[in-house]
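The data block below is work-v4.txt; it holds compact mmCIF, C-alpha atoms and all ligand atoms.
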# COMPACT_ATOMS: atom_id res chain seq x y z
CA MET A 1 130.55 104.13 99.65
CA PHE A 2 127.23 106.01 99.72
CA LYS A 3 128.54 109.03 97.81
CA GLY A 4 126.66 109.15 94.52
CA LEU A 5 124.77 105.93 95.24
CA VAL A 6 121.28 105.98 93.71
CA GLY A 7 118.41 104.51 95.72
CA LEU A 8 114.72 104.01 94.98
CA VAL A 9 112.48 103.80 98.05
CA THR A 10 108.84 102.73 97.78
CA GLY A 11 106.54 104.07 100.47
CA GLY A 12 109.23 106.74 100.78
CA ALA A 13 106.81 109.55 101.66
CA SER A 14 106.06 108.25 105.14
CA GLY A 15 107.30 106.38 108.20
CA LEU A 16 110.04 103.77 107.69
CA GLY A 17 110.42 104.66 104.00
CA ARG A 18 110.85 108.36 104.66
CA ALA A 19 113.47 107.71 107.38
CA THR A 20 115.34 105.54 104.88
CA VAL A 21 115.24 108.30 102.25
CA GLU A 22 116.67 110.77 104.79
CA GLN A 23 119.42 108.36 105.87
CA LEU A 24 120.52 107.64 102.30
CA LEU A 25 120.61 111.39 101.54
CA LYS A 26 122.57 112.08 104.77
CA GLN A 27 125.18 109.55 103.65
CA GLY A 28 125.62 111.34 100.30
CA GLY A 29 123.24 109.24 98.20
CA ARG A 30 120.62 110.32 95.67
CA VAL A 31 117.08 109.05 96.02
CA VAL A 32 113.88 108.54 94.07
CA ILE A 33 110.83 108.48 96.34
CA CYS A 34 108.04 106.27 94.97
CA ASP A 35 104.69 106.57 96.66
CA LEU A 36 101.00 106.95 95.87
CA PRO A 37 99.90 110.19 94.14
CA SER A 38 97.75 110.88 97.24
CA SER A 39 100.81 110.66 99.56
CA PRO A 40 102.84 113.66 100.75
CA GLY A 41 105.69 112.55 98.42
CA GLN A 42 105.89 115.82 96.50
CA GLU A 43 106.13 117.94 99.69
CA THR A 44 108.63 115.50 101.17
CA ALA A 45 110.88 115.82 98.13
CA LYS A 46 110.58 119.62 98.30
CA GLN A 47 111.52 119.65 102.00
CA LEU A 48 114.54 117.43 101.41
CA LYS A 49 115.58 119.68 98.50
CA GLU A 50 118.65 118.27 96.74
CA ASN A 51 119.43 114.90 95.17
CA VAL A 52 115.86 113.70 95.56
CA ALA A 53 112.92 113.23 93.22
CA PHE A 54 109.34 112.10 93.77
CA VAL A 55 107.54 109.87 91.29
CA PRO A 56 103.87 109.00 91.91
CA VAL A 57 103.72 105.20 91.88
CA ASP A 58 101.30 102.47 92.79
CA VAL A 59 103.64 99.53 93.36
CA THR A 60 101.08 97.12 91.93
CA SER A 61 101.22 98.85 88.52
CA GLU A 62 103.79 97.75 85.92
CA LYS A 63 103.38 101.06 84.07
CA ASP A 64 103.99 103.18 87.19
CA VAL A 65 107.07 101.24 88.28
CA LYS A 66 108.57 101.32 84.76
CA ASN A 67 107.96 105.08 84.69
CA ALA A 68 109.76 105.48 88.03
CA LEU A 69 112.75 103.46 86.76
CA GLN A 70 112.90 105.62 83.60
CA THR A 71 112.84 108.78 85.76
CA THR A 72 115.65 107.31 87.88
CA ILE A 73 117.80 106.86 84.77
CA ASP A 74 116.86 110.25 83.29
CA LYS A 75 117.64 112.08 86.54
CA PHE A 76 120.48 110.11 88.13
CA GLY A 77 121.77 107.79 85.37
CA ARG A 78 121.79 104.52 87.36
CA LEU A 79 120.16 102.49 90.15
CA ASP A 80 122.12 100.82 92.98
CA VAL A 81 119.68 100.16 95.81
CA VAL A 82 115.94 99.45 96.03
CA VAL A 83 114.18 99.60 99.40
CA ASN A 84 110.61 98.27 99.39
CA CYS A 85 108.65 99.91 102.21
CA ALA A 86 105.23 100.46 100.59
CA GLY A 87 102.60 98.54 102.48
CA ILE A 88 99.16 98.56 104.08
CA ALA A 89 97.96 97.09 107.39
CA THR A 90 94.54 95.48 107.41
CA ALA A 91 92.78 93.61 110.22
CA SER A 92 89.78 91.27 110.14
CA ARG A 93 88.95 87.87 111.61
CA VAL A 94 88.47 84.98 109.19
CA TYR A 95 84.81 84.84 110.27
CA ASN A 96 82.83 87.44 112.21
CA PHE A 97 80.36 85.35 114.21
CA LYS A 98 78.61 88.42 115.66
CA LYS A 99 77.73 89.69 112.17
CA ASP A 100 77.64 86.17 110.67
CA GLN A 101 80.04 87.39 107.97
CA PRO A 102 83.14 85.83 106.42
CA PHE A 103 86.37 87.79 105.84
CA ASP A 104 85.87 90.08 102.84
CA LEU A 105 87.77 88.39 100.01
CA LYS A 106 88.47 91.70 98.23
CA SER A 107 90.22 93.02 101.35
CA PHE A 108 92.35 89.84 101.55
CA GLN A 109 93.25 90.16 97.85
CA LYS A 110 94.14 93.87 98.21
CA THR A 111 96.50 93.19 101.12
CA ILE A 112 98.31 90.47 99.14
CA GLU A 113 98.27 92.67 96.02
CA VAL A 114 100.03 95.63 97.68
CA ASN A 115 102.33 94.00 100.26
CA LEU A 116 103.42 90.88 98.39
CA ILE A 117 102.73 91.33 94.67
CA GLY A 118 103.66 95.04 94.79
CA THR A 119 107.01 94.17 96.37
CA PHE A 120 107.63 91.45 93.78
CA ASN A 121 106.61 93.79 90.95
CA VAL A 122 109.22 96.37 92.01
CA ILE A 123 111.92 93.71 92.44
CA ARG A 124 111.32 92.04 89.07
CA LEU A 125 111.32 95.35 87.16
CA SER A 126 114.28 96.96 88.94
CA ALA A 127 116.60 93.92 88.88
CA GLY A 128 117.33 94.39 85.16
CA LEU A 129 118.42 97.97 85.72
CA ILE A 130 120.63 97.18 88.74
CA GLY A 131 122.14 94.32 86.71
CA LYS A 132 123.43 96.85 84.16
CA ASN A 133 125.85 98.34 86.73
CA ALA A 134 129.52 97.49 86.46
CA PRO A 135 130.42 95.10 89.29
CA ASP A 136 132.55 96.36 92.21
CA ALA A 137 135.75 94.57 93.33
CA ASP A 138 133.58 91.94 95.07
CA GLY A 139 131.40 91.38 91.97
CA GLN A 140 128.48 93.28 93.53
CA ARG A 141 126.11 95.32 91.36
CA GLY A 142 123.48 96.37 93.89
CA VAL A 143 121.19 95.58 96.82
CA ILE A 144 117.44 95.07 97.28
CA VAL A 145 115.94 95.46 100.77
CA ASN A 146 112.35 94.40 101.49
CA THR A 147 110.09 95.07 104.46
CA ALA A 148 108.14 92.18 105.97
CA SER A 149 106.95 92.20 109.60
CA VAL A 150 107.21 90.07 112.72
CA ALA A 151 103.58 89.28 111.81
CA ALA A 152 105.08 86.98 109.16
CA PHE A 153 106.08 84.71 112.07
CA ASP A 154 103.73 85.55 114.96
CA GLY A 155 100.55 86.83 113.33
CA GLN A 156 97.87 87.98 115.73
CA ILE A 157 94.11 87.50 115.71
CA GLY A 158 92.74 89.36 112.69
CA GLN A 159 95.99 89.28 110.75
CA ALA A 160 95.46 86.36 108.35
CA ALA A 161 95.79 88.62 105.29
CA TYR A 162 98.58 90.85 106.62
CA SER A 163 100.60 87.91 107.96
CA ALA A 164 100.15 85.93 104.73
CA SER A 165 101.36 88.90 102.68
CA LYS A 166 104.43 89.41 104.87
CA ALA A 167 105.20 85.68 105.11
CA GLY A 168 105.19 85.74 101.28
CA VAL A 169 107.85 88.45 101.34
CA VAL A 170 109.95 86.36 103.76
CA GLY A 171 109.41 83.25 101.63
CA MET A 172 110.55 84.81 98.37
CA THR A 173 113.69 86.42 99.84
CA LEU A 174 115.99 83.39 99.51
CA PRO A 175 114.83 82.22 96.06
CA ILE A 176 115.14 85.75 94.64
CA ALA A 177 118.58 86.16 96.23
CA ARG A 178 119.53 82.89 94.52
CA ASP A 179 118.01 84.04 91.20
CA LEU A 180 120.09 87.24 91.29
CA ALA A 181 123.31 85.90 92.82
CA LYS A 182 125.15 85.46 89.50
CA GLN A 183 124.52 89.15 88.73
CA GLY A 184 125.91 90.18 92.13
CA ILE A 185 122.62 91.59 93.42
CA ARG A 186 121.89 90.92 97.10
CA VAL A 187 118.37 90.60 98.52
CA VAL A 188 117.68 91.04 102.24
CA THR A 189 114.40 91.45 104.13
CA ILE A 190 113.80 93.30 107.40
CA ALA A 191 110.96 92.11 109.67
CA PRO A 192 110.18 95.08 111.94
CA GLY A 193 108.30 94.76 115.22
CA LEU A 194 106.46 97.86 116.41
CA PHE A 195 107.60 101.23 115.02
CA ARG A 196 106.22 104.71 115.61
CA THR A 197 104.98 105.70 112.15
CA PRO A 198 101.71 107.07 110.74
CA MET A 199 100.59 103.43 110.26
CA MET A 200 100.89 102.90 114.02
CA GLU A 201 99.79 106.39 115.03
CA GLN A 202 96.24 105.65 113.86
CA LEU A 203 95.92 103.87 117.21
CA PRO A 204 94.85 105.73 120.36
CA GLU A 205 97.78 106.51 122.69
CA PRO A 206 96.61 104.04 125.41
CA ALA A 207 96.67 101.22 122.80
CA ILE A 208 100.20 102.28 121.78
CA LYS A 209 101.28 102.31 125.45
CA SER A 210 99.99 98.78 125.98
CA LEU A 211 101.74 97.59 122.79
CA GLU A 212 105.00 99.19 124.00
CA ALA A 213 104.77 97.27 127.25
CA THR A 214 104.92 93.99 125.27
CA VAL A 215 108.42 94.75 123.94
CA PRO A 216 111.04 93.18 126.26
CA PHE A 217 113.84 95.67 125.54
CA PRO A 218 113.78 98.50 124.79
CA PRO A 219 110.14 98.66 125.98
CA ARG A 220 109.02 101.25 123.45
CA LEU A 221 108.11 101.60 119.79
CA GLY A 222 111.09 101.64 117.45
CA HIS A 223 112.18 104.93 115.93
CA PRO A 224 111.98 104.93 112.11
CA GLN A 225 115.64 105.98 112.04
CA GLU A 226 116.55 102.65 113.71
CA PHE A 227 115.02 100.90 110.71
CA ALA A 228 116.97 103.18 108.36
CA LEU A 229 120.22 102.36 110.20
CA LEU A 230 119.65 98.66 109.51
CA VAL A 231 119.06 99.41 105.82
CA GLN A 232 122.40 101.25 105.83
CA SER A 233 124.16 98.29 107.51
CA ILE A 234 122.67 95.86 105.00
CA ILE A 235 123.96 97.98 102.13
CA GLN A 236 127.39 98.16 103.75
CA ASN A 237 127.78 94.46 104.59
CA PRO A 238 128.35 92.30 101.49
CA MET A 239 127.94 88.99 103.38
CA LEU A 240 124.29 89.69 104.21
CA ASN A 241 122.17 87.99 101.56
CA GLY A 242 119.03 85.85 101.24
CA GLU A 243 118.10 86.43 104.89
CA THR A 244 115.27 88.00 106.90
CA ILE A 245 116.39 90.01 109.94
CA ARG A 246 113.94 90.67 112.79
CA LEU A 247 114.21 94.21 114.18
CA ASP A 248 111.93 93.99 117.17
CA GLY A 249 113.55 94.41 120.63
CA SER A 250 112.97 90.64 121.07
CA LEU A 251 109.18 91.10 120.80
CA ARG A 252 107.07 88.02 120.18
CA MET A 253 103.55 89.17 119.34
CA GLN A 254 100.82 87.72 121.58
CA PRO A 255 97.70 86.11 120.01
N1 LIG A 301 105.14 100.63 111.66
C1 LIG A 301 105.31 99.40 112.05
O1 LIG A 301 105.24 99.10 113.24
C2 LIG A 301 105.60 98.32 111.07
C3 LIG A 301 105.54 98.48 109.71
N2 LIG A 301 105.82 97.42 108.88
C4 LIG A 301 105.83 97.57 107.43
O2 LIG A 301 106.73 98.61 107.09
C5 LIG A 301 106.33 99.23 105.89
C6 LIG A 301 106.27 100.73 106.10
O3 LIG A 301 105.25 100.99 107.04
P1 LIG A 301 105.10 102.35 107.85
O4 LIG A 301 106.20 103.26 107.48
O5 LIG A 301 104.87 101.99 109.25
O6 LIG A 301 103.70 102.83 107.26
P2 LIG A 301 103.23 104.20 106.63
O7 LIG A 301 101.77 104.03 106.45
O8 LIG A 301 103.76 105.35 107.40
O9 LIG A 301 103.95 104.21 105.20
C7 LIG A 301 103.59 103.33 104.18
C8 LIG A 301 103.69 104.07 102.86
O10 LIG A 301 103.37 103.15 101.82
C9 LIG A 301 102.61 103.85 100.86
N3 LIG A 301 101.80 102.92 100.06
C10 LIG A 301 100.73 102.19 100.44
N4 LIG A 301 100.24 101.51 99.40
C11 LIG A 301 101.02 101.80 98.34
C12 LIG A 301 101.02 101.41 96.96
N5 LIG A 301 100.09 100.57 96.47
N6 LIG A 301 101.98 101.91 96.14
C13 LIG A 301 102.90 102.77 96.61
N7 LIG A 301 102.96 103.18 97.90
C14 LIG A 301 102.02 102.70 98.74
C15 LIG A 301 101.73 104.79 101.68
O11 LIG A 301 101.22 105.86 100.89
C16 LIG A 301 102.71 105.25 102.75
O12 LIG A 301 103.39 106.43 102.37
C17 LIG A 301 104.99 98.58 105.50
O13 LIG A 301 105.23 97.59 104.55
C18 LIG A 301 104.51 97.96 106.81
O14 LIG A 301 103.69 96.84 106.59
C19 LIG A 301 106.18 96.21 109.36
C20 LIG A 301 106.23 96.00 110.69
C21 LIG A 301 105.97 97.03 111.65
C1 LIG A 302 96.71 94.90 115.14
C2 LIG A 302 97.55 95.90 115.94
C3 LIG A 302 97.74 95.39 117.37
C4 LIG A 302 96.54 95.54 118.25
C5 LIG A 302 95.99 96.91 118.20
O1 LIG A 302 95.50 97.39 119.20
C6 LIG A 302 96.06 97.60 116.97
C7 LIG A 302 96.77 97.18 115.86
C8 LIG A 302 96.72 97.90 114.56
C9 LIG A 302 98.11 98.14 114.02
C10 LIG A 302 98.89 96.83 113.96
C11 LIG A 302 98.95 96.21 115.37
C12 LIG A 302 99.90 95.01 115.49
O2 LIG A 302 99.31 93.85 115.03
C13 LIG A 302 101.25 95.18 114.78
C14 LIG A 302 101.12 95.80 113.40
C15 LIG A 302 100.51 94.83 112.40
C16 LIG A 302 100.32 97.09 113.50
C17 LIG A 302 100.56 97.77 112.18
C18 LIG A 302 102.04 97.42 111.86
C19 LIG A 302 102.45 96.33 112.86
O3 LIG A 302 103.21 96.94 113.89
C20 LIG A 302 103.31 95.24 112.28
O4 LIG A 302 103.39 95.06 111.09
C21 LIG A 302 104.02 94.42 113.21
O5 LIG A 302 104.63 93.52 112.85

Could you quickly redo this structure as structure tokens?
Ligand SMILES: NC(=O)C1=CN([C@@H]2O[C@H](COP(=O)(O)OP(=O)(O)OC[C@H]3O[C@@H](n4cnc5c(N)ncnc54)[C@H](O)[C@@H]3O)[C@@H](O)[C@H]2O)C=CC1
Ligand SMILES: C[C@]12CCC(=O)C=C1CC[C@@H]1[C@@H]2[C@@H](O)C[C@@]2(C)[C@H]1CC[C@]2(O)C(=O)C=O
Amino acid sequence: MFKGLVGLVTGGASGLGRATVEQLLKQGGRVVICDLPSSPGQETAKQLKENVAFVPVDVTSEKDVKNALQTTIDKFGRLDVVVNCAGIATASRVYNFKKDQPFDLKSFQKTIEVNLIGTFNVIRLSAGLIGKNAPDADGQRGVIVNTASVAAFDGQIGQAAYSASKAGVVGMTLPIARDLAKQGIRVVTIAPGLFRTPMMEQLPEPAIKSLEATVPFPPRLGHPQEFALLVQSIIQNPMLNGETIRLDGSLRMQP
């Protein structure tokens, strides 16, 4: 089923996105990596060699995303699967009483802009292209997978912006799945817990160790490939639609 499938992965140069790119290629798919011009996307595409292309994209830009979709058509002729992984993690309390300073509004807006509006921008622009595919025997034309976070449900201190952005992704999953149901396009969101990626590796190792200890089982950070395996399952299972799946080792984040 993956042979010849064409996927577009945002944030595909790093972490969960990169693991997804590798998994889709391993299964015989072809992939367009969309990531910031400053990301290692070009080197990643070179390392992975065949059936892969990198397009510099800021997911918040209509022009960039349209350009990536045009490249997808020019290079591979179709689009079957979109995986939205691009995202940023920010942390700040709503009010810093030590500095007598409120949360910086620009930082709040940027987090919403990238994580929520960027995800929506990619969905709205790619849906038309996926909708042009001939339906399979089940009437399916393609699949869109988004990445939220367990912070959408149990946001910690300092995560008002990040949690709001990810809760927005969870909130729009069902209505968008309903919007696209008649065209046979499924929409599913993954809410990861703690995964070992460059986003997480900014933390000192002792902080990572103490985070790992909060995961009931397995008591460790997730491997990016475990995220990619869920993306694969979602693509394979036509009954999954309009839902957010937690992938977190039963973690519930503490305040
Ligand atoms: N690592 C973790 O524990 C968790 C990660 N997540 C989410 O998973 C997604 C992937 O995160 P990781 O792989 O961990 O992080 P990462 O930092 O390794 O990868 C994120 C990628 O997104 C790209 N990106 C950022 N802003 C962008 C923009 N405006 N346009 C295009 N690309 C952009 C970055 O260049 C980077 O390559 C993010 O949405 C993150 O919020 C959610 C829960 C847990
Ligand atoms: C805010 C956290 C946790 C506390 C800490 O010592 C450092 C952090 C920075 C990276 C954050 C940490 C945690 O809140 C979980 C997230 C937000 C992490 C980045 C991705 C993250 O794993 C996530 O999205 C979880 O759902």

request  = Could you give me, as JSON, numbers by chain, the residues within 6 Å of Lys3 in chain A, counting all atoms listed in the file and dropping anything in the same chain fewer than 2 positions from it?
outcome  = {"A": [1, 5, 28, 29]}

Name each residue within 6 Å of ligand LIG 302 (chain A), counting all atoms listed in the file, as a PDB file with C-alpha atoms, keeping the file's coordinate frame.
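Contents of the output file result39.pdb:
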ATOM      1  CA  ALA A  89      97.960  97.090 107.390  1.00  0.00           C
ATOM      2  CA  SER A 149     106.950  92.200 109.600  1.00  0.00           C
ATOM      3  CA  VAL A 150     107.210  90.070 112.720  1.00  0.00           C
ATOM      4  CA  ALA A 151     103.580  89.280 111.810  1.00  0.00           C
ATOM      5  CA  PRO A 192     110.180  95.080 111.940  1.00  0.00           C
ATOM      6  CA  GLY A 193     108.300  94.760 115.220  1.00  0.00           C
ATOM      7  CA  LEU A 194     106.460  97.860 116.410  1.00  0.00           C
ATOM      8  CA  MET A 199     100.590 103.430 110.260  1.00  0.00           C
ATOM      9  CA  MET A 200     100.890 102.900 114.020  1.00  0.00           C
ATOM     10  CA  ALA A 207      96.670 101.220 122.800  1.00  0.00           C
TER      11      ALA A 207
END

What are the centre and edge lengths in Å, to one decimal, of the axis-aligned box around all listed atoms of ligand LIG 301 (chain A) with 5 Å added on each side, as lines of an AutoDock Vina configuration file?
center_x = 103.4
center_y = 101.2
center_z = 104.7
size_x = 16.6
size_y = 20.4
size_z = 27.1

request  = Identify the residues within 12 Å of coordinate (122.1, 88.5, 90.0) (same frame as the file), considering all atoms listed in the file, and give the answer as a PyMOL selection string.
outcome  = chain A and resi 123-124+126-133+135+139-144+175-187+241-242

inquiry  = Please identify all protein, DNA and RNA residues within 9 Å of ligand LIG 301 (chain A), counting all atoms listed in the file, and report them as a PyMOL selection string.
reply    = chain A and resi 10-19+34-41+56-61+84-89+113-115+118+146-151+162+166+190-201+221-222+224+247-248

task = Could you jot down the CA of Glu43 in chain A to CA of Asn121 in chain A separation for me, Å, one decimal place?
result =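 If I compute the distance from CA of Glu43 in chain A to CA of Asn121 in chain A, I get 25.7 Å.
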
ask   = Which residue, A:Ile235, A:Ile112, A:Leu79, A:Leu125, has the smallest gap to Asp64 in chain A when you use only C-alpha atoms?
value =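 Nearest to Asp64 in chain A: A:Leu125.
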
Write range 83-96 of chain A as a short mmCIF file (atom, residue, chain, number, x, y, z; two decimals), in the coordinates of the input, completed to N, CA and C atoms.
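For reference, rebuild_20.cif as written:
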data_model
loop_
_atom_site.label_atom_id
_atom_site.label_comp_id
_atom_site.auth_asym_id
_atom_site.auth_seq_id
_atom_site.Cartn_x
_atom_site.Cartn_y
_atom_site.Cartn_z
N VAL A 83 114.71 99.93 98.07
CA VAL A 83 114.18 99.60 99.40
C VAL A 83 112.66 99.60 99.29
N ASN A 84 112.07 98.43 99.48
CA ASN A 84 110.61 98.27 99.39
C ASN A 84 109.98 98.48 100.76
N CYS A 85 109.34 99.63 100.94
CA CYS A 85 108.65 99.91 102.21
C CYS A 85 107.14 100.05 102.02
N ALA A 86 106.67 100.24 100.79
CA ALA A 86 105.23 100.46 100.59
C ALA A 86 104.44 99.30 101.17
N GLY A 87 103.41 99.62 101.91
CA GLY A 87 102.60 98.54 102.48
C GLY A 87 101.36 99.09 103.16
N ILE A 88 100.40 98.19 103.37
CA ILE A 88 99.16 98.56 104.08
C ILE A 88 98.91 97.53 105.18
N ALA A 89 98.32 98.01 106.29
CA ALA A 89 97.96 97.09 107.39
C ALA A 89 96.45 96.95 107.42
N THR A 90 95.98 95.73 107.33
CA THR A 90 94.54 95.48 107.41
C THR A 90 94.29 94.50 108.56
N ALA A 91 93.09 94.52 109.12
CA ALA A 91 92.78 93.61 110.22
C ALA A 91 91.33 93.15 110.13
N SER A 92 91.14 91.84 110.13
CA SER A 92 89.78 91.27 110.14
C SER A 92 89.88 89.78 110.48
N ARG A 93 88.94 89.31 111.30
CA ARG A 93 88.95 87.87 111.61
C ARG A 93 88.44 87.07 110.40
N VAL A 94 88.85 85.81 110.33
CA VAL A 94 88.47 84.98 109.19
C VAL A 94 86.95 84.83 109.10
N TYR A 95 86.28 84.87 110.25
CA TYR A 95 84.81 84.84 110.27
C TYR A 95 84.32 85.70 111.43
N ASN A 96 83.41 86.62 111.15
CA ASN A 96 82.83 87.44 112.21
C ASN A 96 81.51 86.80 112.64
#
